[in-house]
file query_17.csv (CSV, C-alpha atoms)
chain,number,residue,atom,x,y,z
A,1,MET,CA,88.9,-105.7,232.9
A,2,VAL,CA,88.3,-103.5,229.8
A,3,LYS,CA,91.2,-101.2,229.1
A,4,ILE,CA,90.3,-97.9,227.3
A,5,ALA,CA,92.6,-95.3,225.8
A,6,ILE,CA,91.3,-91.7,225.4
A,7,CYS,CA,93.2,-89.6,222.9
A,8,GLU,CA,91.8,-86.1,223.0
A,9,ASP,CA,93.6,-82.8,223.2
A,10,ASN,CA,90.7,-80.8,224.8
A,11,ASP,CA,90.8,-81.2,228.6
A,12,ILE,CA,87.1,-80.5,229.1
A,13,THR,CA,86.0,-83.0,226.4
A,14,ARG,CA,88.4,-85.6,227.9
A,15,ARG,CA,86.9,-85.2,231.4
A,16,LEU,CA,83.3,-85.5,229.9
A,17,THR,CA,84.4,-88.7,228.1
A,18,VAL,CA,85.6,-90.2,231.4
A,19,GLU,CA,82.3,-89.3,233.1
A,20,MET,CA,80.3,-90.9,230.4
A,21,LEU,CA,82.3,-94.0,230.6
A,22,ARG,CA,81.6,-94.2,234.4
A,23,ASN,CA,77.9,-94.1,233.6
A,24,ILE,CA,77.8,-97.0,231.2
A,25,SER,CA,76.2,-100.0,232.9
A,26,ALA,CA,78.1,-102.5,230.8
A,27,LEU,CA,81.4,-101.2,232.1
A,28,ASN,CA,81.5,-102.9,235.4
A,29,ASP,CA,85.3,-103.1,235.6
A,30,PHE,CA,87.5,-100.9,233.4
A,31,SER,CA,90.6,-98.8,233.5
A,32,TYR,CA,91.4,-95.9,231.3
A,33,TYR,CA,94.5,-94.0,230.1
A,34,GLU,CA,94.4,-90.3,228.9
A,35,TYR,CA,96.5,-88.9,226.1
A,36,THR,CA,96.6,-85.3,224.8
A,37,SER,CA,98.4,-86.1,221.6
A,38,GLY,CA,98.9,-88.9,219.1
A,39,SER,CA,102.6,-89.1,219.7
A,40,ALA,CA,102.0,-89.6,223.5
A,41,LEU,CA,99.5,-92.4,222.6
A,42,LEU,CA,102.0,-94.1,220.3
A,43,ASP,CA,104.8,-93.9,222.8
A,44,SER,CA,102.8,-95.6,225.5
A,45,ASP,CA,103.0,-99.3,226.2
A,46,GLU,CA,99.7,-99.3,227.9
A,47,ALA,CA,97.9,-98.0,224.8
A,48,PHE,CA,98.9,-101.1,222.8
A,49,ASP,CA,97.4,-103.3,225.5
A,50,CYS,CA,94.0,-101.5,225.3
A,51,ASP,CA,90.8,-103.0,224.1
A,52,ILE,CA,89.1,-99.8,223.0
A,53,ILE,CA,90.7,-96.5,221.8
A,54,LEU,CA,88.6,-93.4,221.7
A,55,MET,CA,90.3,-91.2,219.1
A,56,ASP,CA,89.8,-87.6,218.3
A,57,ILE,CA,90.5,-87.0,214.6
A,58,GLN,CA,91.4,-83.3,214.7
A,59,LEU,CA,94.1,-83.2,217.3
A,60,SER,CA,96.1,-80.2,218.5
A,61,LYS,CA,97.9,-78.1,215.8
A,62,ASP,CA,101.1,-78.9,217.7
A,63,ASP,CA,100.6,-82.6,217.0
A,64,ASP,CA,102.4,-83.9,213.9
A,65,MET,CA,99.6,-86.4,213.2
A,66,ASN,CA,95.9,-86.4,212.9
A,67,GLY,CA,93.7,-89.2,214.3
A,68,PHE,CA,93.8,-91.2,211.1
A,69,GLU,CA,97.6,-91.2,211.0
A,70,VAL,CA,97.8,-92.2,214.6
A,71,ALA,CA,95.3,-95.1,214.0
A,72,LYS,CA,97.3,-96.3,211.0
A,73,ASN,CA,100.5,-96.3,213.0
A,74,LEU,CA,98.8,-98.3,215.7
A,75,ARG,CA,97.5,-100.8,213.2
A,76,ASP,CA,100.9,-101.1,211.5
A,77,ALA,CA,102.4,-101.9,215.0
A,78,GLY,CA,99.9,-104.7,215.5
A,79,CYS,CA,97.4,-103.0,217.7
A,80,LYS,CA,94.0,-104.8,217.4
A,81,ALA,CA,92.0,-102.5,219.7
A,82,LYS,CA,88.5,-101.3,218.6
A,83,VAL,CA,89.0,-97.7,217.5
A,84,ILE,CA,86.1,-95.4,217.9
A,85,PHE,CA,86.6,-92.0,216.2
A,86,ILE,CA,85.0,-89.0,217.9
A,87,THR,CA,85.1,-85.8,215.9
A,88,ALA,CA,83.2,-82.6,215.2
A,89,SER,CA,83.4,-83.0,211.4
A,90,PRO,CA,81.3,-85.5,209.4
A,91,ASP,CA,83.6,-85.0,206.3
A,92,HIS,CA,86.0,-87.7,207.4
A,93,VAL,CA,83.6,-90.7,207.6
A,94,TYR,CA,84.7,-92.4,204.4
A,95,LYS,CA,88.4,-91.8,205.0
A,96,SER,CA,88.1,-93.4,208.4
A,97,PHE,CA,87.3,-96.8,206.8
A,98,GLU,CA,91.0,-97.1,205.8
A,99,VAL,CA,91.9,-97.9,209.4
A,100,LYS,CA,88.8,-100.1,210.1
A,101,PRO,CA,87.2,-98.2,212.9
A,102,PHE,CA,84.6,-99.8,215.1
A,103,ARG,CA,82.4,-96.6,215.2
A,104,TYR,CA,82.4,-93.0,214.1
A,105,ILE,CA,80.7,-90.6,216.6
A,106,LEU,CA,80.1,-86.9,215.9
A,107,LYS,CA,80.5,-84.2,218.5
A,108,PRO,CA,78.8,-83.0,220.6
A,109,THR,CA,78.6,-86.5,221.8
A,110,ILE,CA,75.2,-87.8,222.7
A,111,PHE,CA,75.4,-90.2,225.7
A,112,ASP,CA,73.0,-92.8,224.2
A,113,GLU,CA,75.0,-93.1,221.0
A,114,PHE,CA,78.3,-93.2,223.0
A,115,GLU,CA,76.9,-95.9,225.3
A,116,GLU,CA,75.7,-98.0,222.4
A,117,ALA,CA,79.2,-97.8,220.7
A,118,ILE,CA,81.0,-98.8,223.9
A,119,THR,CA,78.6,-101.5,224.8
A,120,SER,CA,78.7,-103.0,221.3
A,121,ALA,CA,82.5,-102.9,221.4
A,122,ILE,CA,82.5,-104.8,224.8
A,123,ASN,CA,80.0,-107.4,223.5
A,124,TYR,CA,82.2,-107.9,220.4
A,125,LEU,CA,85.4,-108.3,222.5
A,126,GLU,CA,83.7,-110.8,224.8
A,127,SER,CA,82.4,-112.9,221.9
A,128,SER,CA,85.6,-112.7,219.9
A,129,PRO,CA,87.5,-116.0,220.1
A,130,ALA,CA,91.0,-114.6,220.3
A,131,ILE,CA,93.6,-113.6,222.8
A,132,LYS,CA,96.2,-110.8,222.5
A,133,ILE,CA,99.8,-111.4,223.6
A,134,LYS,CA,102.9,-109.1,223.7
A,135,ILE,CA,105.9,-110.2,221.7
A,136,ASP,CA,108.8,-107.8,222.1
A,137,LYS,CA,107.2,-104.4,221.5
A,138,SER,CA,104.4,-105.6,219.3
A,139,TYR,CA,101.1,-107.3,220.0
A,140,VAL,CA,99.9,-110.6,218.3
A,141,THR,CA,96.3,-111.7,218.2
A,142,ILE,CA,95.8,-115.5,218.2
A,143,ASP,CA,92.6,-117.3,217.4
A,144,ILE,CA,91.9,-119.5,220.4
A,145,ASP,CA,90.7,-122.3,218.2
A,146,ASP,CA,94.2,-122.5,216.8
A,147,ILE,CA,95.8,-123.0,220.2
A,148,ILE,CA,96.7,-126.6,221.0
A,149,TYR,CA,98.1,-126.1,224.5
A,150,PHE,CA,99.9,-123.8,226.9
A,151,GLU,CA,103.0,-125.0,228.7
A,152,ALA,CA,104.6,-123.3,231.7
A,153,ASP,CA,108.4,-123.2,231.8
A,154,LYS,CA,109.5,-121.3,234.9
A,155,ARG,CA,108.6,-117.7,234.3
A,156,TYR,CA,107.7,-118.3,230.6
A,157,ILE,CA,104.6,-119.6,228.9
A,158,ASN,CA,105.0,-121.5,225.6
A,159,ILE,CA,101.9,-121.3,223.4
A,160,ARG,CA,101.6,-124.1,220.9
A,161,THR,CA,99.3,-123.3,217.9
A,162,GLU,CA,98.6,-125.1,214.7
A,163,LYS,CA,100.9,-122.7,212.8
A,164,GLN,CA,103.7,-121.7,215.2
A,165,ASN,CA,104.9,-121.4,218.7
A,166,TYR,CA,104.9,-118.2,220.9
A,167,THR,CA,106.8,-117.6,224.1
A,168,VAL,CA,105.7,-114.9,226.6
A,169,ILE,CA,106.6,-113.9,230.1
A,170,ASP,CA,103.4,-114.7,232.1
A,171,ASN,CA,101.9,-117.3,234.4
A,172,LEU,CA,99.5,-120.1,233.6
A,173,THR,CA,96.8,-118.9,236.0
A,174,ASN,CA,96.2,-115.7,233.9
A,175,PHE,CA,95.5,-117.8,230.8
A,176,GLU,CA,93.4,-120.2,232.8
A,177,GLU,CA,91.1,-117.3,234.0
A,178,MET,CA,91.1,-115.7,230.6
A,179,LEU,CA,89.9,-118.9,228.8
A,180,SER,CA,87.4,-120.1,231.4
A,181,ASN,CA,84.2,-121.4,229.6
A,182,ARG,CA,86.2,-121.5,226.3
A,183,PHE,CA,86.7,-125.4,226.2
A,184,PHE,CA,90.2,-125.2,227.8
A,185,PHE,CA,91.2,-127.2,230.8
A,186,ARG,CA,94.2,-127.0,233.1
A,187,THR,CA,95.3,-130.7,233.2
A,188,HIS,CA,98.5,-130.2,235.1
A,189,ARG,CA,100.4,-127.5,236.9
A,190,THR,CA,102.3,-126.9,233.7
A,191,TYR,CA,99.6,-127.5,231.0
A,192,ILE,CA,96.4,-126.0,229.7
A,193,VAL,CA,94.9,-128.0,226.8
A,194,ASN,CA,92.3,-127.2,224.2
A,195,PHE,CA,89.6,-129.8,224.1
A,196,ARG,CA,89.2,-129.3,220.3
A,197,HIS,CA,92.7,-130.7,219.7
A,198,ILE,CA,92.6,-133.8,221.9
A,199,ALA,CA,93.0,-137.1,220.0
A,200,ASN,CA,93.3,-139.7,222.7
A,201,ILE,CA,93.6,-140.0,226.5
A,202,ASN,CA,95.8,-142.7,228.1
A,203,GLN,CA,95.9,-142.7,231.9
A,204,GLN,CA,98.0,-139.6,232.8
A,205,VAL,CA,98.9,-138.7,229.2
A,206,ILE,CA,96.8,-136.8,226.7
A,207,GLU,CA,97.7,-137.2,223.0
A,208,MET,CA,96.9,-134.2,220.9
A,209,LYS,CA,95.9,-134.3,217.2
A,210,ASN,CA,99.3,-133.0,216.1
A,211,GLY,CA,101.0,-136.0,217.8
A,212,GLU,CA,102.3,-134.2,220.8
A,213,CYS,CA,101.5,-135.3,224.4
A,214,VAL,CA,100.8,-133.4,227.5
A,215,LEU,CA,100.5,-134.5,231.1
A,216,LEU,CA,97.3,-135.1,233.1
A,217,SER,CA,97.5,-134.9,236.8
A,218,ARG,CA,95.8,-137.9,238.6
A,219,TYR,CA,94.2,-135.4,241.0
A,220,LYS,CA,92.5,-133.6,238.1
A,221,LYS,CA,91.7,-136.7,236.1
A,222,ALA,CA,88.0,-137.1,237.3
A,223,MET,CA,87.2,-133.4,236.8
A,224,PHE,CA,89.0,-133.4,233.4
A,225,GLU,CA,87.0,-136.4,232.1
A,226,ALA,CA,83.7,-134.9,233.2
A,227,ALA,CA,84.5,-131.6,231.5
A,228,TYR,CA,85.7,-133.3,228.4
A,229,ASN,CA,82.6,-135.5,228.2
A,230,ASP,CA,80.4,-132.4,228.5
A,231,PHE,CA,82.4,-130.9,225.6
A,232,LEU,CA,81.9,-134.0,223.5
A,233,LYS,CA,78.2,-134.0,224.1
A,234,LEU,CA,78.0,-130.3,223.0
A,235,ASN,CA,80.1,-130.8,219.9
A,236,LEU,CA,79.2,-134.2,218.5
A,237,LYS,CA,76.7,-133.9,215.6

call {"tool": "encode", "arguments": {"input": "query_17.csv", "output": "structure tokens"}}
result
Amino acid sequence: MVKIAICEDNDITRRLTVEMLRNISALNDFSYYEYTSGSALLDSDEAFDCDIILMDIQLSKDDDMNGFEVAKNLRDAGCKAKVIFITASPDHVYKSFEVKPFRYILKPTIFDEFEEAITSAINYLESSPAIKIKIDKSYVTIDIDDIIYFEADKRYINIRTEKQNYTVIDNLTNFEEMLSNRFFFRTHRTYIVNFRHIANINQQVIEMKNGECVLLSRYKKAMFEAAYNDFLKLNLK
């Protein structure tokens, strides 16, 4: 599901934005959150979990921040969402580069341009080899190629990467679904491994390239070996 935040102080413009989102064919499954001010957006936990943020630059005069300042605060807090600025003024284009926006759309918004921006953002997100996790009140983006394995420990998931470990409250099934078709395999009820980091397989034990070992269920062994052989065929030069 694609999660979208809309930060726009004008009620009519906000409603029109929602209607345009509903008419985009690439958005088969999405949820959205509406904010009338930058401070409301920054105070929201949901906003930091969004994939796309549609940001008006010239917010209400009652708001202490403009769209650029809000976006900078989001970036400083670790937000990796694709920011699409929507504004009536073309004068801010170059300034917007400071916060690395994905697109810059001028009002009045033309649907074709809006649809192209959203569709491009979705395509980028789907092709981007990374996952986003929440650590305390900040979000961390992890390159999936760096992940060695996931390990379930009661209500926690330990994520072992080449550089460091992360611990989050989640369940293994969520990560299994998120990483389907990404060369990951759930080898055991407590493990998901990255094929790229496997060094050796010995019965019910898989040795990873960093020297650590994970378990392989005997019930999953045949499926695992078939999937791993397919991976090797695709990746051997």

call {"tool": "residues_around", "arguments": {"input": "query_17.csv", "residues": "A:Phe48", "least_positions_apart": "5", "cutoff": "12 Å", "atoms": "all atoms listed in the file", "output": "compact mmCIF listing (two decimals) with C-alpha atoms, in the coordinates of the input"}}
result
# COMPACT_ATOMS: atom_id res chain seq x y z
CA LYS A 3 91.20 -101.20 229.10
CA ILE A 4 90.30 -97.90 227.30
CA ALA A 5 92.60 -95.30 225.80
CA TYR A 33 94.50 -94.00 230.10
CA ALA A 40 102.00 -89.60 223.50
CA LEU A 41 99.50 -92.40 222.60
CA LEU A 42 102.00 -94.10 220.30
CA ASP A 43 104.80 -93.90 222.80
CA ILE A 53 90.70 -96.50 221.80
CA ALA A 71 95.30 -95.10 214.00
CA ASN A 73 100.50 -96.30 213.00
CA LEU A 74 98.80 -98.30 215.70
CA ARG A 75 97.50 -100.80 213.20
CA ASP A 76 100.90 -101.10 211.50
CA ALA A 77 102.40 -101.90 215.00
CA GLY A 78 99.90 -104.70 215.50
CA CYS A 79 97.40 -103.00 217.70
CA LYS A 80 94.00 -104.80 217.40
CA ALA A 81 92.00 -102.50 219.70
CA LYS A 82 88.50 -101.30 218.60
CA VAL A 83 89.00 -97.70 217.50
CA LYS A 132 96.20 -110.80 222.50
CA ILE A 133 99.80 -111.40 223.60
CA LYS A 134 102.90 -109.10 223.70
CA ILE A 135 105.90 -110.20 221.70
CA ASP A 136 108.80 -107.80 222.10
CA LYS A 137 107.20 -104.40 221.50
CA SER A 138 104.40 -105.60 219.30
CA TYR A 139 101.10 -107.30 220.00
CA VAL A 140 99.90 -110.60 218.30
CA THR A 141 96.30 -111.70 218.20

call {"tool": "atom_distance", "arguments": {"input": "query_17.csv", "atom1": "atom CA of A:Leu16", "atom2": "atom CA of A:Tyr124"}}
result
24.4 Å

call {"tool": "residues_around", "arguments": {"input": "query_17.csv", "residues": "A:Tyr191", "least_positions_apart": "5", "cutoff": "6 Å", "atoms": "all atoms listed in the file", "output": "JSON, numbers by chain"}}
result
{"A": [150, 151, 186]}

call {"tool": "closest_residue", "arguments": {"input": "query_17.csv", "among": "A:Asp51, A:Glu69, A:Asp11, A:Glu225", "to": "A:Phe30", "atoms": "only C-alpha atoms"}}
result
A:Asp51

call {"tool": "atom_distance", "arguments": {"input": "query_17.csv", "atom1": "atom CA of A:Glu34", "atom2": "atom CA of A:Cys7"}}
result
6.2 Å

call {"tool": "atom_distance", "arguments": {"input": "query_17.csv", "atom1": "atom CA of A:His197", "atom2": "atom CA of A:Tyr156"}}
result
22.3 Å

call {"tool": "closest_residue", "arguments": {"input": "query_17.csv", "among": "A:Glu162, A:Asp230, A:Glu8, A:Glu212", "to": "A:Phe183", "atoms": "all atoms listed in the file"}}
result
A:Asp230

call {"tool": "residues_near_point", "arguments": {"input": "query_17.csv", "point": "(88.5, -126.5, 229.5)", "cutoff": "10 Å", "atoms": "all atoms listed in the file", "output": "ChimeraX atom specification"}}
result
/A:176,179-187,192-196,224,227-228,231

call {"tool": "residues_around", "arguments": {"input": "query_17.csv", "residues": "A:Ser89", "least_positions_apart": "6", "cutoff": "9 Å", "atoms": "all atoms listed in the file", "output": "list in words"}}
result
Ile57, Gln58, Leu106 and Lys107 of chain A

call {"tool": "closest_residue", "arguments": {"input": "query_17.csv", "among": "A:Ala222, A:Ile147, A:Ile6, A:Ile118", "to": "A:Lys209", "atoms": "all atoms listed in the file"}}
result
A:Ile147
